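Listing of final.txt, compact mmCIF, C-alpha atoms and all ligand atoms
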# COMPACT_ATOMS: atom_id res chain seq x y z
CA MET A 1 -1.99 -33.93 40.48
CA LYS A 2 -3.26 -31.31 38.04
CA ARG A 3 -0.63 -30.20 35.48
CA ASP A 4 0.03 -26.50 35.15
CA VAL A 5 -0.36 -25.84 31.42
CA ARG A 6 0.26 -22.10 31.61
CA MET A 7 3.09 -20.92 29.38
CA PRO A 8 5.82 -18.62 30.65
CA ARG A 9 5.24 -15.11 29.30
CA TRP A 10 8.17 -15.24 26.85
CA GLN A 11 6.90 -18.49 25.36
CA LEU A 12 3.42 -17.09 25.00
CA THR A 13 4.75 -13.98 23.25
CA ASP A 14 6.81 -16.17 20.96
CA ALA A 15 3.77 -18.32 20.14
CA MET A 16 1.70 -15.20 19.40
CA MET A 17 4.47 -13.83 17.20
CA ARG A 18 4.46 -17.03 15.20
CA LEU A 19 0.69 -16.77 14.81
CA VAL A 20 1.03 -13.34 13.19
CA LEU A 21 3.94 -14.40 11.00
CA PRO A 22 3.10 -12.87 7.65
CA SER A 23 1.89 -15.21 4.99
CA PRO A 24 -0.64 -14.36 2.30
CA SER A 25 -2.94 -17.10 3.51
CA ASN A 26 -2.66 -16.12 7.16
CA PRO A 27 -5.58 -13.84 8.01
CA LEU A 28 -3.94 -13.09 11.35
CA ALA A 29 -1.02 -11.46 9.56
CA VAL A 30 -3.40 -9.25 7.58
CA ARG A 31 -5.20 -8.47 10.82
CA GLY A 32 -1.84 -7.46 12.29
CA VAL A 33 -1.33 -4.88 9.51
CA ARG A 34 -4.88 -3.61 9.97
CA LEU A 35 -4.45 -3.33 13.73
CA ALA A 36 -1.14 -1.50 13.35
CA TYR A 37 -2.60 1.09 10.97
CA ASP A 38 -5.79 1.41 13.01
CA THR A 39 -3.55 2.26 15.98
CA VAL A 40 -1.45 4.92 14.26
CA ALA A 41 -4.11 6.35 11.91
CA ALA A 42 -4.66 9.69 13.63
CA ASP A 43 -0.94 10.42 13.91
CA TYR A 44 -0.30 9.25 10.34
CA ALA A 45 -2.92 11.69 9.09
CA ALA A 46 -1.56 14.51 11.25
CA TYR A 47 2.13 14.11 10.44
CA LEU A 48 1.88 13.07 6.80
CA PRO A 49 -1.04 15.07 5.42
CA ASP A 50 0.42 15.66 1.95
CA THR A 51 3.29 14.77 -0.37
CA ARG A 52 6.05 16.44 1.65
CA ALA A 53 7.84 13.07 1.99
CA GLU A 54 7.94 12.47 -1.76
CA ALA A 55 10.95 13.51 -3.81
CA PRO A 56 10.37 15.54 -6.99
CA LEU A 57 11.32 12.45 -9.01
CA ASP A 58 8.58 10.41 -7.28
CA LEU A 59 6.06 13.14 -7.99
CA ALA A 60 7.17 13.25 -11.62
CA MET A 61 6.22 9.57 -11.94
CA ILE A 62 2.84 10.19 -10.30
CA ASP A 63 2.29 13.17 -12.59
CA ALA A 64 3.03 10.99 -15.63
CA PHE A 65 0.56 8.39 -14.34
CA ALA A 66 -2.11 11.05 -13.72
CA GLU A 67 -1.58 12.47 -17.20
CA ALA A 68 -1.84 9.01 -18.78
CA VAL A 69 -5.10 8.19 -17.02
CA THR A 70 -6.72 11.57 -17.55
CA LEU A 71 -5.92 11.37 -21.28
CA GLY A 72 -8.15 8.29 -21.40
CA ASP A 73 -11.94 8.13 -21.28
CA GLY A 74 -12.34 9.77 -17.87
CA ALA A 75 -12.58 6.42 -16.10
CA PRO A 76 -12.10 6.54 -12.33
CA VAL A 77 -8.72 5.96 -10.71
CA LEU A 78 -8.21 3.76 -7.67
CA ASP A 79 -5.80 4.76 -4.90
CA ALA A 80 -5.29 1.21 -3.62
CA GLY A 81 -4.01 1.22 -0.05
CA CYS A 82 -4.92 4.88 0.22
CA GLY A 83 -4.24 5.23 3.94
CA ALA A 84 -5.44 8.63 5.15
CA GLY A 85 -5.99 9.83 1.60
CA ARG A 86 -3.10 12.22 0.99
CA MET A 87 -2.20 10.67 -2.39
CA SER A 88 -5.86 10.52 -3.40
CA ARG A 89 -5.91 14.29 -2.91
CA TYR A 90 -2.76 14.66 -5.02
CA LEU A 91 -4.35 12.66 -7.85
CA ALA A 92 -7.64 14.57 -7.57
CA GLU A 93 -5.73 17.84 -7.87
CA ARG A 94 -4.35 16.52 -11.16
CA GLY A 95 -7.78 15.94 -12.62
CA CYS A 96 -8.27 12.28 -11.70
CA LEU A 97 -11.69 11.05 -10.68
CA VAL A 98 -10.17 9.23 -7.74
CA GLU A 99 -11.46 6.94 -5.03
CA GLY A 100 -9.55 5.11 -2.35
CA VAL A 101 -9.60 1.74 -0.66
CA ASP A 102 -7.71 0.60 2.42
CA LEU A 103 -7.59 -2.31 4.82
CA SER A 104 -7.67 -0.13 7.94
CA PRO A 105 -11.07 1.29 8.96
CA ASN A 106 -9.36 4.01 11.02
CA MET A 107 -7.19 5.11 8.10
CA VAL A 108 -10.34 5.25 5.97
CA SER A 109 -12.05 7.34 8.68
CA MET A 110 -9.16 9.81 8.55
CA ALA A 111 -9.37 9.92 4.76
CA ARG A 112 -13.12 10.58 4.89
CA ARG A 113 -12.65 13.28 7.53
CA ASP A 114 -9.86 15.10 5.68
CA HIS A 115 -11.07 14.65 2.08
CA GLN A 116 -14.83 14.86 2.27
CA ASP A 117 -15.32 15.28 -1.47
CA LEU A 118 -13.69 11.90 -2.25
CA VAL A 119 -15.00 8.37 -1.82
CA PHE A 120 -13.14 5.92 0.42
CA THR A 121 -13.96 2.28 1.10
CA VAL A 122 -12.63 -0.32 3.52
CA GLY A 123 -11.30 -3.31 1.60
CA SER A 124 -8.35 -5.53 0.86
CA LEU A 125 -5.91 -5.35 -2.03
CA THR A 126 -6.30 -9.09 -2.47
CA ASN A 127 -10.08 -8.92 -2.73
CA LEU A 128 -10.96 -5.53 -4.14
CA PRO A 129 -14.64 -4.63 -3.74
CA TYR A 130 -15.04 -3.58 -7.39
CA PRO A 131 -16.17 -5.20 -10.64
CA ASP A 132 -13.77 -6.13 -13.44
CA ASP A 133 -12.54 -3.34 -15.73
CA ARG A 134 -13.79 -0.57 -13.46
CA PHE A 135 -10.74 1.73 -13.36
CA GLY A 136 -8.65 3.58 -15.90
CA GLY A 137 -5.79 3.63 -13.40
CA VAL A 138 -4.72 1.90 -10.21
CA MET A 139 -2.06 3.32 -7.93
CA LEU A 140 -0.37 1.20 -5.26
CA TRP A 141 1.63 3.80 -3.35
CA TYR A 142 3.67 2.04 -0.66
CA SER A 143 0.75 -0.28 0.02
CA ILE A 144 2.34 -3.53 -1.22
CA ILE A 145 5.15 -3.19 1.33
CA HIS A 146 3.52 -5.07 4.19
CA THR A 147 2.71 -8.11 2.07
CA PRO A 148 5.31 -10.89 1.83
CA PRO A 149 6.66 -12.06 -1.54
CA ALA A 150 4.21 -14.96 -1.83
CA GLY A 151 1.30 -12.52 -1.53
CA GLN A 152 2.37 -10.13 -4.28
CA ALA A 153 0.87 -12.15 -7.14
CA GLY A 154 -2.58 -11.90 -5.54
CA ILE A 155 -2.33 -8.12 -5.25
CA PHE A 156 -1.25 -7.57 -8.86
CA ALA A 157 -3.84 -10.04 -10.18
CA GLU A 158 -6.57 -8.06 -8.40
CA ALA A 159 -5.22 -4.75 -9.66
CA ALA A 160 -5.14 -6.13 -13.22
CA ARG A 161 -8.70 -7.46 -12.83
CA VAL A 162 -10.18 -4.06 -11.95
CA LEU A 163 -8.09 -2.23 -14.56
CA ARG A 164 -9.62 -1.48 -17.96
CA PRO A 165 -7.86 -2.49 -21.17
CA THR A 166 -5.09 0.06 -21.84
CA GLY A 167 -5.43 1.34 -18.25
CA HIS A 168 -2.32 2.25 -16.22
CA LEU A 169 -0.92 0.99 -12.97
CA LEU A 170 1.63 2.81 -10.80
CA VAL A 171 3.43 1.14 -7.92
CA GLY A 172 5.82 2.79 -5.45
CA PHE A 173 7.90 0.95 -2.85
CA GLN A 174 11.23 0.82 -1.05
CA SER A 175 13.79 -0.91 -3.24
CA GLY A 176 16.08 -3.64 -1.94
CA GLU A 177 15.97 -7.03 -0.28
CA GLY A 178 14.86 -8.38 3.08
CA THR A 179 12.60 -6.80 5.68
CA ARG A 180 12.64 -3.87 8.07
CA ASP A 181 10.92 -3.40 11.38
CA VAL A 182 8.91 -0.17 11.28
CA ALA A 183 7.53 -0.29 14.81
CA GLY A 184 10.35 1.98 16.03
CA ALA A 185 9.23 4.81 13.79
CA TYR A 186 5.90 4.94 15.62
CA ARG A 187 7.36 4.67 19.13
CA GLN A 188 8.10 8.41 19.10
CA PHE A 189 4.33 8.92 18.93
CA GLY A 190 3.79 6.57 21.88
CA HIS A 191 2.54 3.62 19.84
CA GLU A 192 3.64 0.06 20.53
CA ILE A 193 2.79 -1.80 17.34
CA GLN A 194 4.15 -4.80 15.49
CA LEU A 195 4.70 -3.99 11.84
CA GLU A 196 7.34 -4.84 9.32
CA ARG A 197 7.80 -4.02 5.70
CA TYR A 198 9.31 -5.96 2.82
CA LEU A 199 11.83 -4.60 0.37
CA TYR A 200 11.52 -5.52 -3.29
CA THR A 201 13.74 -4.94 -6.28
CA ALA A 202 12.30 -3.25 -9.34
CA ASP A 203 12.97 -6.46 -11.29
CA GLN A 204 10.93 -8.52 -8.81
CA VAL A 205 7.97 -6.17 -9.08
CA ALA A 206 8.31 -6.00 -12.87
CA SER A 207 8.07 -9.83 -12.96
CA GLU A 208 4.92 -9.73 -10.83
CA LEU A 209 3.40 -7.14 -13.15
CA GLU A 210 4.21 -9.26 -16.17
CA ALA A 211 2.77 -12.38 -14.53
CA ALA A 212 -0.45 -10.42 -13.95
CA GLY A 213 -0.60 -9.63 -17.68
CA LEU A 214 0.61 -6.03 -17.39
CA ARG A 215 3.41 -4.47 -19.43
CA GLU A 216 6.05 -2.24 -17.89
CA VAL A 217 6.20 1.22 -19.47
CA CYS A 218 9.05 2.71 -17.41
CA ARG A 219 10.67 2.65 -14.00
CA LEU A 220 12.42 4.96 -11.58
CA VAL A 221 14.98 3.64 -9.11
CA ARG A 222 16.60 6.35 -7.03
CA ARG A 223 18.97 6.44 -4.11
CA ALA A 224 17.72 7.13 -0.59
CA GLN A 225 17.45 10.81 0.31
CA GLY A 226 17.24 12.69 3.61
CA THR A 227 15.99 10.42 6.37
CA GLU A 228 15.06 7.56 4.03
CA LYS A 229 16.70 4.25 4.95
CA ASP A 230 16.35 2.65 1.54
CA ASP A 231 16.43 3.33 -2.15
CA GLN A 232 13.00 3.95 -3.67
CA ALA A 233 11.40 2.59 -6.82
CA VAL A 234 8.35 3.45 -8.90
CA LEU A 235 7.09 1.39 -11.84
CA LEU A 236 4.51 2.45 -14.40
CA ALA A 237 2.74 -0.34 -16.31
CA THR A 238 -0.16 -0.66 -18.69
CA ALA A 239 -2.87 -3.23 -19.30
CA PRO A 240 -3.02 -4.73 -22.83
C1 LIG B 1 2.66 3.07 4.23
S1 LIG B 1 0.91 3.24 4.23
C2 LIG B 1 0.70 4.17 2.71
C3 LIG B 1 -0.64 4.86 2.65
C4 LIG B 1 -0.82 5.79 1.46
N1 LIG B 1 -0.71 5.10 0.20
C5 LIG B 1 0.17 6.92 1.55
O1 LIG B 1 1.07 7.00 0.71
O2 LIG B 1 0.03 7.72 2.47
C6 LIG B 1 0.37 1.62 3.76
C7 LIG B 1 -1.14 1.51 3.65
O3 LIG B 1 -1.46 0.30 2.96
C8 LIG B 1 -2.55 -0.30 3.59
N2 LIG B 1 -2.49 -1.74 3.31
C9 LIG B 1 -1.48 -2.59 3.59
N3 LIG B 1 -1.79 -3.84 3.18
C10 LIG B 1 -3.03 -3.77 2.63
C11 LIG B 1 -3.91 -4.71 2.04
N4 LIG B 1 -3.59 -6.00 1.94
N5 LIG B 1 -5.11 -4.29 1.59
C12 LIG B 1 -5.47 -2.97 1.69
N6 LIG B 1 -4.68 -2.03 2.24
C13 LIG B 1 -3.47 -2.43 2.71
C14 LIG B 1 -2.37 0.01 5.07
O4 LIG B 1 -3.58 -0.11 5.79
C15 LIG B 1 -1.84 1.42 5.00
O5 LIG B 1 -2.88 2.38 5.06
Let me see the structure of the file written as structure tokens.
Amino acid sequence: MKRDVRMPRWQLTDAMMRLVLPSPSNPLAVRGVRLAYDTVAADYAAYLPDTRAEAPLDLAMIDAFAEAVTLGDGAPVLDAGCGAGRMSRYLAERGCLVEGVDLSPNMVSMARRDHQDLVFTVGSLTNLPYPDDRFGGVMLWYSIIHTPPAGQAGIFAEAARVLRPTGHLLVGFQSGEGTRDVAGAYRQFGHEIQLERYLYTADQVASELEAAGLREVCRLVRRAQGTEKDDQAVLLATAP
């Protein structure tokens, strides 16, 4: 008699979930992040078109970064994990010669549509499509948050590779420990996605920066405000 090898639906879902379990070497996990942002891209661009979600303290850190990089030799600045381009616009308004890169083709399409004077490219933080020493500044604004701890070293090594000597790096993220499911936030827009984010302490990120050969200049760690669920951190670092 022929055996029925079909899996019950719950087992199949479980097996698929395990396949997309995030690990830096698991391309399916990266594909999961890309798929999630491809799905929500239009709503992300519509509901978060500017820096309205940032606190004045966050913006002060970005302003300090923009000032540091524009004081240099006019080298371009990379908005790494640029999403729909709102932070690229903010940097451009502060005199940066900015370009953006993001994993999600749909987020990049939104960025190109809404910021036609800026250059956006599809690419991964762990394999940036740029030569060594290309940028005077690299900003990772809430783009490291979907990568698990074991993948962080690869991101910071790539950022350090494309950064010029004495260039600056700025990284913003939710501060804490563990993970959070962010699918619920997108359900109100009718999207059923699978997406989680990782919390990191400022010390953890500072260690990653140091391991990548960068030196911390200063950090901000502030308490959650308004509808934020977590404390927020921003670190500014420089290349030797
Ligand atoms: C929370 S959104 C932030 C977008 C933008 N920085 C902003 O503040 O609006 C995270 C972005 O990081 C991108 N991202 C996540 N992991 C990435 C990776 N490994 N390589 C490139 N982009 C990535 C996502 O596609 C998404 O657009």
At most 6 Å is the cut-off: for each residue in chain A with any atom that close to an atom of ligand LIG 1 (chain B), write down the nearest atom pair and the distance in Å rounded to one decimal, counting all atoms listed in the file, chain first then increasing number, as a Markdown table.
| residue | atom | partner | partner_atom | distance |
| --- | --- | --- | --- | --- |
| A:Arg34 | CA | B:LIG1 | O4 | 5.6 |
| A:Tyr37 | CA | B:LIG1 | O4 | 5.4 |
| A:Gly81 | CA | B:LIG1 | N6 | 4.0 |
| A:Cys82 | CA | B:LIG1 | N1 | 4.2 |
| A:Gly83 | CA | B:LIG1 | O5 | 3.4 |
| A:Arg86 | CA | B:LIG1 | O2 | 5.7 |
| A:Met87 | CA | B:LIG1 | O1 | 5.8 |
| A:Asp102 | CA | B:LIG1 | N6 | 4.0 |
| A:Leu103 | CA | B:LIG1 | C12 | 3.8 |
| A:Ser104 | CA | B:LIG1 | O4 | 4.6 |
| A:Met107 | CA | B:LIG1 | O5 | 5.9 |
| A:Gly123 | CA | B:LIG1 | C12 | 5.8 |
| A:Ser124 | CA | B:LIG1 | N5 | 3.5 |
| A:Leu125 | CA | B:LIG1 | N5 | 3.9 |
| A:Trp141 | CA | B:LIG1 | N1 | 4.4 |
| A:Tyr142 | CA | B:LIG1 | C2 | 5.0 |
| A:Ser143 | CA | B:LIG1 | O3 | 3.7 |
| A:His146 | CA | B:LIG1 | N3 | 5.5 |
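A straight line drawn from CA of Leu59 in chain A to CA of Phe189 in chain A is 27.3 Å long.
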Spatial neighbours of Ser109 in chain A, max dist 9 Å, all atoms listed in the file, sep filter under 3 positions, as an MDAnalysis selection string: chainID A and resid 41 84 104:106 112:114 120
Would you kindly return, as a PyMOL selection string, each protein, DNA or RNA residue with an atom no farther than 9 Å from any atom of range 206-218 of chain A, considering only C-alpha atoms and excluding same-chain residues fewer than 2 positions away? chain A and resi 152-154+156-161+168-169+201-204+220+234-240
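Pairwise distance (CA of Val101 in chain A, CA of Leu57 in chain A) equals 24.9 Å.
Distance-wise, CA of Arg94 in chain A and CA of Thr70 in chain A end up 8.4 Å apart.
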Gln188 in chain A environment, 12 Å, only C-alpha atoms, sequence neighbours closer than 5 positions dropped, as a PyMOL selection string: chain A and resi 40+43+47+182-183+193
Limited to C-alpha atoms, could you put the picked residues into a file as a PDB file, in the coordinates of the input?
ATOM      1  CA  VAL A  40      -1.450   4.920  14.260  1.00  0.00           C
ATOM      2  CA  ASP A  43      -0.940  10.420  13.910  1.00  0.00           C
ATOM      3  CA  TYR A  47       2.130  14.110  10.440  1.00  0.00           C
ATOM      4  CA  VAL A 182       8.910  -0.170  11.280  1.00  0.00           C
ATOM      5  CA  ALA A 183       7.530  -0.290  14.810  1.00  0.00           C
ATOM      6  CA  ILE A 193       2.790  -1.800  17.340  1.00  0.00           C
TER       7      ILE A 193
END
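Distance annotation: of A:Phe173, A:Arg164, A:Ser88, A:Leu199, the residue with the minimal separation from Val69 in chain A is A:Arg164; atom set is all atoms listed in the file.
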Restricting to all atoms listed in the file, whichever of A:Pro131, A:Gly85, A:Gly95, A:Gly172 is closest to His115 in chain A is A:Gly85
Quick one: everything within 12 Å of Glu228 in chain A, counting only C-alpha atoms, minus sequence neighbours fewer than 2 positions away in the same chain. Send it as a PyMOL selection string. chain A and resi 53-55+173-175+185+222-226+230-232
Could you write out the selected residues, including C-alpha atoms, as an mmCIF file, in the frame of the given file?
data_model
loop_
_atom_site.group_PDB
_atom_site.id
_atom_site.type_symbol
_atom_site.label_atom_id
_atom_site.label_comp_id
_atom_site.auth_asym_id
_atom_site.auth_seq_id
_atom_site.Cartn_x
_atom_site.Cartn_y
_atom_site.Cartn_z
ATOM 1 C CA ALA A 53 7.840 13.070 1.990
ATOM 2 C CA GLU A 54 7.940 12.470 -1.760
ATOM 3 C CA ALA A 55 10.950 13.510 -3.810
ATOM 4 C CA PHE A 173 7.900 0.950 -2.850
ATOM 5 C CA GLN A 174 11.230 0.820 -1.050
ATOM 6 C CA SER A 175 13.790 -0.910 -3.240
ATOM 7 C CA ALA A 185 9.230 4.810 13.790
ATOM 8 C CA ARG A 222 16.600 6.350 -7.030
ATOM 9 C CA ARG A 223 18.970 6.440 -4.110
ATOM 10 C CA ALA A 224 17.720 7.130 -0.590
ATOM 11 C CA GLN A 225 17.450 10.810 0.310
ATOM 12 C CA GLY A 226 17.240 12.690 3.610
ATOM 13 C CA ASP A 230 16.350 2.650 1.540
ATOM 14 C CA ASP A 231 16.430 3.330 -2.150
ATOM 15 C CA GLN A 232 13.000 3.950 -3.670
#
Could you list, as number ranges by chain, every residue within 6 Å of Pro76 in chain A, counting all atoms listed in the file and ignoring same-chain residues fewer than 3 positions away? A: 97-98, 135-136
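Closest approach to Asp38 in chain A among A:Val122, A:Cys96, A:Ile145, A:Val221: A:Val122, based on only C-alpha atoms.
The nearest approach to Leu71 in chain A among the residues A:Thr51, A:Thr166, A:Thr227, A:Thr39, with all atoms listed in the file taken into account, belongs to A:Thr166.
Residue nearest Ile62 in chain A within the list A:Ala92, A:Val108, A:Leu118, A:Ile155: A:Ala92 [criterion: smallest interatomic distance, all atoms listed in the file].
Considering the residues A:Ile144, A:Met110, A:Met139, A:Ala64 and counting only C-alpha atoms, Thr126 in chain A has its shortest atom-to-atom contact with A:Ile144.
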